[in-house]
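**Student:** Input: one structure, supplied below.
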Amino acid sequence: MTRTGTSLRRLLAATLAALATAAAGLAATAAPASAATTPGIDVSHYQGAINWTSVRNAGIQFAFIKATEGTSYKDPRFNTNYVAAYNAGVIRGAYHFARPNISSGAVQANYLASNGGAWSADSRTLPAALDLEANPYAGGYCYGLSTTGMRNWVQDFLNTYRARTGRYAVIYTTTSWWNQCTGSWTAPWANHPLWVARWSSTVGALPAGAPFWSFWQYTDRGSVAGISGGVDRNHWNGDRSRLIALANNT
């Protein structure tokens, strides 16, 4: 999702997609997108100025918007995007790009909650998402953490975010990264919605233990009116009424 190291991520994504396809018969899979899915996008300052009225008129019903990264970075377009999306009738949620090797999960969850990731029952605000993916910086694919260390970091983040907001955070990840870096950890899927990234025509194998996907990022090269250039496209696994129910925690 982050645009740092885009070429490397695309190479990794292509390799991982092939591995996921090969493993599809050995792991849990979800149904392909159907008429019951709801279209959405995710954006950051890389998309530049966005005409959110045009986005909504193009049929986009939800958006995850980058809010924060690590312990000190706030996306410079977050405030504008977050308010404008809401005013255009787009159901919006914030997301945080995790950097598990620079602080505890609690520190980063608090930073997110204090900088746009809070929640309110207004029918248009989703619980925030924790973006967990291959490290685009120095420090190794899994940020130098053991599988136990990564589980502890993620749990620390999730617990803190829930304490701050009363909501279970969405988890964005790829199947390969999750299984490798958390050691195929299954516990979070009991409560936390899965936002799986797989740039393909099928969602493929899900992270270990995930019974279904809630959101699916299926391309990073989508086109939407109101946005110049490519944009990540997503499905919500249900209709708009169910997405509003998630937003309102009902």
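In the structure tokens, chains take the letters A, B, ... in the order shown, each chain's residues start at 1, and ligands count up from 1 in the order shown.
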Residues of region 23-218 of chain A classed as alpha helix (DSSP H) by DSSP on the backbone are to be reported as an NGL selection string.
**Tutor:** :A and (52-57 or 78-87 or 105-114 or 147-165 or 175-181)
**Student:** Which residue is closest to Gln180 (chain A)? Choose from A:Pro39, A:Pro207, A:Pro193, A:Gly117 and count only C-alpha atoms.
**Tutor:**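 Result for the nearest residue to Gln180 (chain A): A:Pro207.
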**Student:** As a VMD selection string, please: every residue in region 57-154 of chain A that DSSP puts in strand (DSSP E or B).
**Tutor:** chain A and resid 62 to 69 73 to 74 91 to 97 125 129 to 131
**Student:** Would you write out, as a tab-separated table, a table of all residues in region 45-139 of chain A that have an atom no more than 12 Å from an atom of region 221-242 of chain A, listing for each the closest atom pair and the distance in Å to one decimal, considering only C-alpha atoms and ordering rows by chain and rising residue number?
**Tutor:**
residue	atom	partner	partner_atom	distance
A:His45	CA	A:Val231	CA	11.2
A:Tyr46	CA	A:Val231	CA	9.1
A:Gln47	CA	A:Ile227	CA	6.7
A:Gly48	CA	A:Ser228	CA	7.6
A:Ala49	CA	A:Ile227	CA	7.4
A:Ile50	CA	A:Ile227	CA	5.3
A:Asn51	CA	A:Gly226	CA	4.6
A:Trp52	CA	A:Gly226	CA	6.5
A:Thr53	CA	A:Gly226	CA	7.6
A:Ser54	CA	A:Gly226	CA	4.9
A:Val55	CA	A:Gly226	CA	5.2
A:Arg56	CA	A:Ala225	CA	8.8
A:Asn57	CA	A:Ala225	CA	8.3
A:Ala58	CA	A:Ala225	CA	6.1
A:Gly59	CA	A:Val224	CA	9.1
A:Ile60	CA	A:Val224	CA	8.3
A:Gln61	CA	A:Arg240	CA	7.6
A:Phe62	CA	A:Trp236	CA	8.5
A:Ala63	CA	A:Asn234	CA	8.7
A:Phe64	CA	A:Asn234	CA	9.6
A:Ile65	CA	A:Asp232	CA	11.0
A:Asn81	CA	A:Ile227	CA	11.9
A:Ala85	CA	A:Gly226	CA	11.7
A:Ala88	CA	A:Gly226	CA	11.9
A:Gly89	CA	A:Arg240	CA	11.9
A:Val90	CA	A:Arg240	CA	10.7
A:Ile91	CA	A:Arg240	CA	9.3
A:Ser123	CA	A:Ser241	CA	9.8
A:Arg124	CA	A:Arg240	CA	10.8
A:Leu126	CA	A:Arg242	CA	11.7
**Student:** Please identify all polymer residues within 12 Å of Glu69 (chain A), counting only C-alpha atoms, omitting same-chain residues fewer than 6 positions from it, and present them as a PyMOL selection string.
**Tutor:** chain A and resi 1-2+4+44+75-76+78+94-100+102-103+105+107-113+115-117+129-132
**Student:** Take CA of Tyr141 (chain A) and CA of Thr175 (chain A) and report the distance between them in Å, one decimal.
**Tutor:**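 So the two atoms, CA of Tyr141 (chain A) and CA of Thr175 (chain A), lie 13.9 Å apart.
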**Student:** If you count only C-alpha atoms, which residues fall within 8 Å of His192 (chain A), apart from same-chain ones fewer than 2 positions away, as a PyMOL selection string?
**Tutor:** chain A and resi 168-171+188-190+194
